[in-house]
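One structure is given below, encoded as C-alpha cells.
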Amino acid sequence: MKRILSGLNTPLTSRLLIPAWQVICVLVCLLLLQFVARSQTANILVTPATSNIAIGGSFTVNVRVDIQSGACNAAEIHLNFNPAYLRITNITRPSSATFSSETISLPLAPYTAVNTSGHLEYAAGIPSASTSADFDILAITFTTPPSPLTGATSLTFQNTPGHRTRVANNGTPLISTLTSGTANILNCTPPSATIAAASGCNGQPISVNLAAATGVSPFDLVINGTAYDDITVGSAPFASISFPAYKIWPANPTPANPNTKDDGPAIHVGMKFRSSQAGFIKGIRFYAGDEVTGTFKGKLWKYDPPSALLQSATFSGVTANGWNEITFATPVAIAANATYVATCYSSEGNYVSDENFFTSPVISGPLTAVGGNSPGVDINGIYYAGTEAAADATMSAGGFGEWTSYNRSNYWVDVIFVPNVNTINLTSVTDATGCNVTGALQTINVFSPDCSTLPVTLINLSATPQGSKVTVRWTTSSELNSLGFEVQRSIDGVNWATIGFVQGAGNSSTARSYSYVDNNLQPRKYYYKLKQIDIDQRFKYSSIVSATLNGKAEFLLGQNFPNPFTDQTTIQFTVPATVKVNISLFDMNGRVLKTLVNGTRDAGSHVINFNIGTLSKGVYYYKMQAGDFTDVKKLVIQ
C-alpha cells in the first residue's frame, strides 16, 4: 500500500517519462493552431443574394468565397435547392484555372441526378501555393421546371458531417460564414428586348439604345456585364461602350538600363509589331528613363514595303521613370497581319533598354511584338541614331534600310490598339414588375469603319412622316470624292435593309441638300440611317433617326451623344408638326455662344452634328425653343 501511495505522489511527467518542456511545447502548439484557425476566416455566399425569375425564365448565381483573413488552397461546396421550383441547366467553374485539382467532380449535363435530389456538390484545390484573393468557385444557371410553383425558394449551403461546405488551407479549415440566396419566382410573362448598336469612325465608342421591348416599361438591362436601369423604348442612347484597348507591355516594367545616351545627340527607338485583327492605332506610349529633357515624339510607321510614316504626335509634360502616352489627332487604320513600327524620338538621345529581350515573339491579345533567333525570323528592337530630319530622309530613300538593331534590345515603346469589331451581348432584361429573363438574349457584332479618307461633312439628318410615307432629308457642307448615299431602313433598329440610293456631288465646297421619300408604309415606327460611300468604296454610317406613322407625336430634345466628348457630338430632337425651332448653346453664365438651329423644321426626328471649334473644355448647356416647348440639356467638352 505504501508503495502504491508513494507512486501516486510521484510527478506525472516522471511516471510517463515525458519532460515537462515537451508538454509545454505541445500545449503551446495546440493553442497556436487554434489561434491560426480562428484568425483565418472566409464568407461563402450566393451572389446575387436575391434573383427574380419569371415563369419559364432563367437566372445565374455565383458561389463566391470571400476571404476575410488568411489564405486557402481548397474549397468544398454543398448546395441544396428545391427541385419543385428550380432546375440546374448549366454549371461553369470560373476559377478552374487556379483550382485545377478536383476531389469531387461536377456532374455532367443534363444534371439529372442533381435535379432529382436537389443537391449539388463540388470540391477542388490548388496543386501548389494558396490564394488570399476572393474568387467564384461555381457559376450555376437555374430555370423553372415545366409546371413551376410561384413564390420564394432558398439556395442553402449544407454543413453536416459528410457534407461540409468549407474552405481550408493545407488541411486546416478556415472558419466560414455561410450565406444563402433566394430566388423569387414570379407569376408573369418573361419580358423581351431588342437593342440597337452603332459605332462612329475609327473605333469611337458604340452607342446603344432600346429599339423594342415587351413587358411593363421601364426596363433594366444588363449588357456586357454592366447594368443599365429605367430604359424606355425609343429614348436616346443609354450606353456608350468603348472598344477594348490593347497594349503589349505591362503597367510597371523595370528596364535593365533606365537611361542611355551613348548613340548620339538624337535617336529613334522602337519595336516592330503585328495585329491578328484589323483595327486602329489610337496612340503611342513609351517608358521614360531618369532623364526627360528635350523633345519626345511618338511615331507610327508602315514597315512592309513601301515603308511610310503614318502618324506623329509630340509628347507634353513627360514624366520620368514611368509610362507616357500620346493620342493621335486621328486614329490610324492598320491591316491584319501586316508589320508596323512604333517609335519614340528623343532630341537629346534619351531612352531605356533591355538587351537580348526579343528572343521570341511577345503576344498580348491580338498584338504580337515580333522576334526570334531562327534564320529568317524578324529581328526586333530597332533604332536610328541621328536627327529627325535624317531619319525621315532614310525612309524616303528606301525605308528602314539604314535602321539597325543591337542585341535584340527592347526599348519599351508601345501602341494603343482597338479592333474594328466589338461584340455587344444582352444577357438580362427585367421589366417594371420585376419579371426577368436572362441568358444569351442578343448578340451584335459592331463594325467601326475607317473614315479618315471620307471627307464628306454631314450637318443634319431628319425623317418626316406624312400619311403613308416618310421623307428623309440631309445636308452636307462639303464633299470630296463622294459617290453617294445608301438610304437604309429598319423596323427594330437592329436589322437594316437598303431601300434606295442618292447620287453624291462628287466634289463640292458648298452646302448641298438631299432627300429620299419612302412610300407605301404601314402604320408603325421606322428607323433610318445613311451609308455614305466614297468613290473608292470606303464608307461610313450616319446617326439614326426615326419617324412614326399614325403615332402620337410630341416635342423631344435628346441628350447629346457622346457626352462627354472631345471633337464632335450629335443632338437629336423631335417636333410633332412644322414649327420654328431654335437651339442655342450657352456657357455657365448664361451667355449665348452659338446658335445650332434657327429656322422652320418639318414634323419628325432631326439630328444635328456639333463640332467644338474654338470652344475650350468645360460644362455647357443647350436650349431648345419650339412653340410653347422649352427644354435644356447639359453637355461636357473634355
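Residues in the C-alpha cells are named by chain (A, B, ... in the order shown) and by number from 1 within that chain; ligands are numbered from 1 in the order shown.
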Counting only C-alpha atoms, which residues of segment 503-604 of chain A fall within 9 Å of segment 225-239 of chain A, and what is the closest atom pair for each with its distance in Å at one decimal, ordered by chain and rising number, as CSV?
residue,atom,partner,partner_atom,distance
A:Ser546,CA,A:Gly234,CA,8.6
A:Gly558,CA,A:Ala236,CA,6.0
A:Gln559,CA,A:Ala236,CA,6.6
A:Asn560,CA,A:Ala236,CA,8.5
A:Phe561,CA,A:Pro237,CA,7.5
A:Pro562,CA,A:Pro237,CA,9.0
A:Gln572,CA,A:Ala236,CA,8.1
Give me a file of those residues, with all heavy atoms, as a compact mmCIF listing (two decimals), in the first residue's frame.
# COMPACT_ATOMS: atom_id res chain seq x y z
N SER A 546 -35.67 58.50 -86.52
CA SER A 546 -36.87 57.68 -86.57
C SER A 546 -38.09 58.53 -86.92
O SER A 546 -38.08 59.75 -86.76
CB SER A 546 -37.10 56.98 -85.23
OG SER A 546 -37.29 57.93 -84.20
N GLY A 558 -33.26 65.53 -77.25
CA GLY A 558 -32.46 64.42 -76.76
C GLY A 558 -31.15 64.88 -76.14
O GLY A 558 -30.67 65.99 -76.38
N GLN A 559 -30.57 64.00 -75.33
CA GLN A 559 -29.24 64.25 -74.76
C GLN A 559 -28.20 64.03 -75.84
O GLN A 559 -28.25 63.05 -76.59
CB GLN A 559 -28.98 63.29 -73.59
CG GLN A 559 -27.64 63.50 -72.91
CD GLN A 559 -27.52 64.86 -72.25
OE1 GLN A 559 -28.34 65.20 -71.41
NE2 GLN A 559 -26.52 65.63 -72.64
N ASN A 560 -27.26 64.96 -75.95
CA ASN A 560 -26.22 64.80 -76.96
C ASN A 560 -25.43 63.52 -76.72
O ASN A 560 -25.31 63.04 -75.58
CB ASN A 560 -25.28 66.01 -76.97
CG ASN A 560 -24.43 66.11 -75.71
OD1 ASN A 560 -24.98 66.30 -74.62
ND2 ASN A 560 -23.12 66.01 -75.84
N PHE A 561 -24.89 62.95 -77.79
CA PHE A 561 -24.14 61.70 -77.69
C PHE A 561 -22.98 61.72 -78.69
O PHE A 561 -23.19 62.08 -79.85
CB PHE A 561 -25.05 60.51 -77.98
CG PHE A 561 -24.36 59.19 -77.75
CD1 PHE A 561 -24.33 58.63 -76.49
CD2 PHE A 561 -23.74 58.54 -78.81
CE1 PHE A 561 -23.70 57.42 -76.29
CE2 PHE A 561 -23.09 57.34 -78.60
CZ PHE A 561 -23.08 56.78 -77.33
N PRO A 562 -21.74 61.37 -78.28
CA PRO A 562 -21.41 61.01 -76.90
C PRO A 562 -21.34 62.24 -75.99
O PRO A 562 -21.22 63.36 -76.46
CB PRO A 562 -20.04 60.37 -77.04
CG PRO A 562 -19.45 60.99 -78.26
CD PRO A 562 -20.60 61.22 -79.19
N GLN A 572 -30.15 65.09 -81.10
CA GLN A 572 -31.38 64.68 -81.78
C GLN A 572 -32.56 65.40 -81.15
O GLN A 572 -32.64 65.53 -79.93
CB GLN A 572 -31.57 63.17 -81.68
CG GLN A 572 -32.77 62.66 -82.47
CD GLN A 572 -32.80 61.13 -82.56
OE1 GLN A 572 -31.97 60.46 -81.99
NE2 GLN A 572 -33.76 60.59 -83.28
Can I get the residues of segment 341-419 of chain A within 7 Å of segment 277-283 of chain A, each with the closest pair of atoms and their distance in Å to one decimal, using only C-alpha atoms, sorted chain first then ascending number, as JSON lines?
{"residue": "A:Pro366", "atom": "CA", "partner": "A:Gln277", "partner_atom": "CA", "distance": 6.2}
{"residue": "A:Val415", "atom": "CA", "partner": "A:Gly283", "partner_atom": "CA", "distance": 6.0}
{"residue": "A:Ile416", "atom": "CA", "partner": "A:Gly283", "partner_atom": "CA", "distance": 5.3}
{"residue": "A:Phe417", "atom": "CA", "partner": "A:Ile281", "partner_atom": "CA", "distance": 4.6}
{"residue": "A:Val418", "atom": "CA", "partner": "A:Phe280", "partner_atom": "CA", "distance": 5.4}
{"residue": "A:Pro419", "atom": "CA", "partner": "A:Gly279", "partner_atom": "CA", "distance": 4.0}
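Excluding Met395 of chain A itself and any same-chain residue fewer than 6 positions from it, the protein and nucleic acid residues within 12 Å of it, counting only C-alpha atoms, are A:Trp301, A:Lys302, A:Tyr303, A:Pro305, A:Pro306, A:Ser307, A:Ala308, A:Leu309, A:Leu310, A:Tyr384, A:Glu388, A:Ala389, A:Gly401, A:Glu402, A:Trp403.
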Please identify which residues in segment 158-300 of chain A DSSP calls strand (DSSP E) from the backbone, and express them as a ChimeraX atom specification.
/A:166-169,172-173,175-179,181-186,192-199,206-214,219-223,226-231,239-241,257-260,267-275,279-288,296-300
Taking 6 positions as the minimum chain separation for residues in the same chain, which residues sit within 8 Å of Ser409 of chain A when counting only C-alpha atoms? Answer as a list of chain:residue names.
A:Ser353, A:Asp354, A:Glu355, A:Asn356, A:Phe357, A:Phe358, A:Asn380, A:Gly381, A:Ile382
When you look at segment 104-121 of chain A with a cut-off of 12 Å (counting only C-alpha atoms), what residues show up, excluding the ones that are within fewer than 5 positions of it in the same chain? I need them as a PyMOL selection string.
chain A and resi 63+74-93+96+99+137-145+154-159+162-166
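The nearest approach to Ser128 of chain A among the residues A:Val592, A:Asn73, A:Ser176, A:Leu426, with only C-alpha atoms taken into account, belongs to A:Asn73.
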Using only C-alpha atoms, which residues sit within 8 Å of segment 510-514 of chain A once same-chain residues fewer than 3 positions away are excluded, as a PyMOL selection string?
chain A and resi 473-478+502
Taking into account only C-alpha atoms, which residue in the set A:Val421, A:Gly270, A:Ala338, A:Ala463 is nearest to Tyr383 of chain A?
A:Gly270
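Neighbouring residues of segment 185-196 of chain A at 7 Å or closer, counting only C-alpha atoms and skipping chain neighbours under 2 positions away, are A:Asn52, A:Ile53, A:Ala54, A:Ile55, A:Gly57, A:Thr150, A:Gly151, A:Ala152, A:Ala183, A:Ala198, A:Val208, A:Asn209, A:Leu210, A:Ala211, A:Ala212, A:Ala213, A:Thr214, A:Gly215, A:Val429, A:Thr430, A:Asp431, A:Cys435, A:Asn436, A:Val437, A:Gly493, A:Val494.
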Would you save the residues of that selection, restricted to N, CA, C and O atoms, as a compact mmCIF listing (two decimals), in the first residue's frame?
# COMPACT_ATOMS: atom_id res chain seq x y z
N ASN A 52 -34.83 37.50 -59.20
CA ASN A 52 -36.23 37.46 -59.62
C ASN A 52 -36.32 36.74 -60.96
O ASN A 52 -35.59 37.06 -61.89
N ILE A 53 -37.21 35.75 -61.05
CA ILE A 53 -37.31 34.95 -62.25
C ILE A 53 -38.78 34.77 -62.60
O ILE A 53 -39.60 34.42 -61.75
N ALA A 54 -39.12 35.05 -63.85
CA ALA A 54 -40.48 34.83 -64.32
C ALA A 54 -40.66 33.35 -64.66
O ALA A 54 -39.69 32.62 -64.90
N ILE A 55 -41.92 32.91 -64.67
CA ILE A 55 -42.21 31.55 -65.07
C ILE A 55 -41.67 31.30 -66.49
O ILE A 55 -41.95 32.06 -67.40
N GLY A 57 -38.48 31.46 -67.12
CA GLY A 57 -37.23 32.19 -67.25
C GLY A 57 -36.06 31.47 -66.62
O GLY A 57 -36.16 30.33 -66.16
N THR A 150 -44.92 29.26 -57.70
CA THR A 150 -44.51 30.65 -57.58
C THR A 150 -44.20 30.98 -56.13
O THR A 150 -44.63 30.28 -55.22
N GLY A 151 -43.43 32.05 -55.94
CA GLY A 151 -43.04 32.45 -54.60
C GLY A 151 -41.55 32.34 -54.41
O GLY A 151 -40.79 32.16 -55.36
N ALA A 152 -41.11 32.44 -53.14
CA ALA A 152 -39.69 32.44 -52.82
C ALA A 152 -39.20 31.03 -52.50
O ALA A 152 -39.89 30.25 -51.85
N ALA A 183 -34.44 32.85 -54.52
CA ALA A 183 -34.99 33.04 -55.86
C ALA A 183 -36.49 33.29 -55.73
O ALA A 183 -37.21 32.51 -55.10
N ALA A 198 -24.57 51.07 -82.67
CA ALA A 198 -23.85 51.63 -83.81
C ALA A 198 -22.62 52.36 -83.32
O ALA A 198 -22.62 52.94 -82.22
N VAL A 208 -25.74 52.69 -77.75
CA VAL A 208 -26.72 51.62 -77.64
C VAL A 208 -28.05 52.22 -77.21
O VAL A 208 -28.11 53.03 -76.28
N ASN A 209 -29.13 51.84 -77.90
CA ASN A 209 -30.46 52.27 -77.49
C ASN A 209 -31.41 51.08 -77.53
O ASN A 209 -31.12 50.04 -78.14
N LEU A 210 -32.55 51.21 -76.84
CA LEU A 210 -33.55 50.15 -76.79
C LEU A 210 -34.51 50.33 -77.95
O LEU A 210 -35.28 51.29 -78.00
N ALA A 211 -34.46 49.39 -78.90
CA ALA A 211 -35.27 49.51 -80.12
C ALA A 211 -36.68 48.98 -79.93
O ALA A 211 -37.63 49.55 -80.47
N ALA A 212 -36.84 47.89 -79.19
CA ALA A 212 -38.16 47.31 -78.99
C ALA A 212 -38.13 46.47 -77.71
O ALA A 212 -37.07 46.00 -77.29
N ALA A 213 -39.31 46.30 -77.09
CA ALA A 213 -39.39 45.50 -75.87
C ALA A 213 -40.83 45.09 -75.63
O ALA A 213 -41.78 45.75 -76.07
N THR A 214 -41.02 43.98 -74.92
CA THR A 214 -42.33 43.55 -74.43
C THR A 214 -42.26 43.47 -72.92
O THR A 214 -41.23 43.13 -72.36
N GLY A 215 -43.37 43.74 -72.26
CA GLY A 215 -43.40 43.79 -70.81
C GLY A 215 -43.80 45.18 -70.35
O GLY A 215 -44.22 46.02 -71.16
N VAL A 429 -32.95 41.02 -68.98
CA VAL A 429 -34.00 42.03 -69.12
C VAL A 429 -34.95 41.88 -67.94
O VAL A 429 -35.45 40.78 -67.67
N THR A 430 -35.19 42.98 -67.24
CA THR A 430 -36.15 43.00 -66.13
C THR A 430 -37.12 44.14 -66.37
O THR A 430 -36.70 45.27 -66.61
N ASP A 431 -38.43 43.84 -66.31
CA ASP A 431 -39.39 44.92 -66.52
C ASP A 431 -39.80 45.54 -65.18
O ASP A 431 -39.29 45.16 -64.12
N CYS A 435 -40.39 41.07 -63.38
CA CYS A 435 -40.23 39.89 -64.24
C CYS A 435 -38.88 39.97 -64.95
O CYS A 435 -38.51 41.03 -65.47
N ASN A 436 -38.20 38.84 -65.02
CA ASN A 436 -36.83 38.85 -65.50
C ASN A 436 -36.59 37.67 -66.43
O ASN A 436 -37.18 36.61 -66.27
N VAL A 437 -35.74 37.88 -67.41
CA VAL A 437 -35.25 36.81 -68.25
C VAL A 437 -33.76 37.03 -68.47
O VAL A 437 -33.31 38.17 -68.63
N GLY A 493 -34.54 48.73 -85.42
CA GLY A 493 -33.29 49.40 -85.07
C GLY A 493 -32.09 48.48 -85.08
O GLY A 493 -30.98 48.91 -84.75
N VAL A 494 -32.28 47.21 -85.46
CA VAL A 494 -31.19 46.23 -85.46
C VAL A 494 -30.93 45.70 -86.86
O VAL A 494 -29.81 45.70 -87.35
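The coordinates place atom CA of Leu367 of chain A at 17.7 Å from atom CA of Asn202 of chain A.
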Atomic separation - atom CA of Ser515 of chain A relative to atom CA of Thr471 of chain A, Å:
6.8 Å
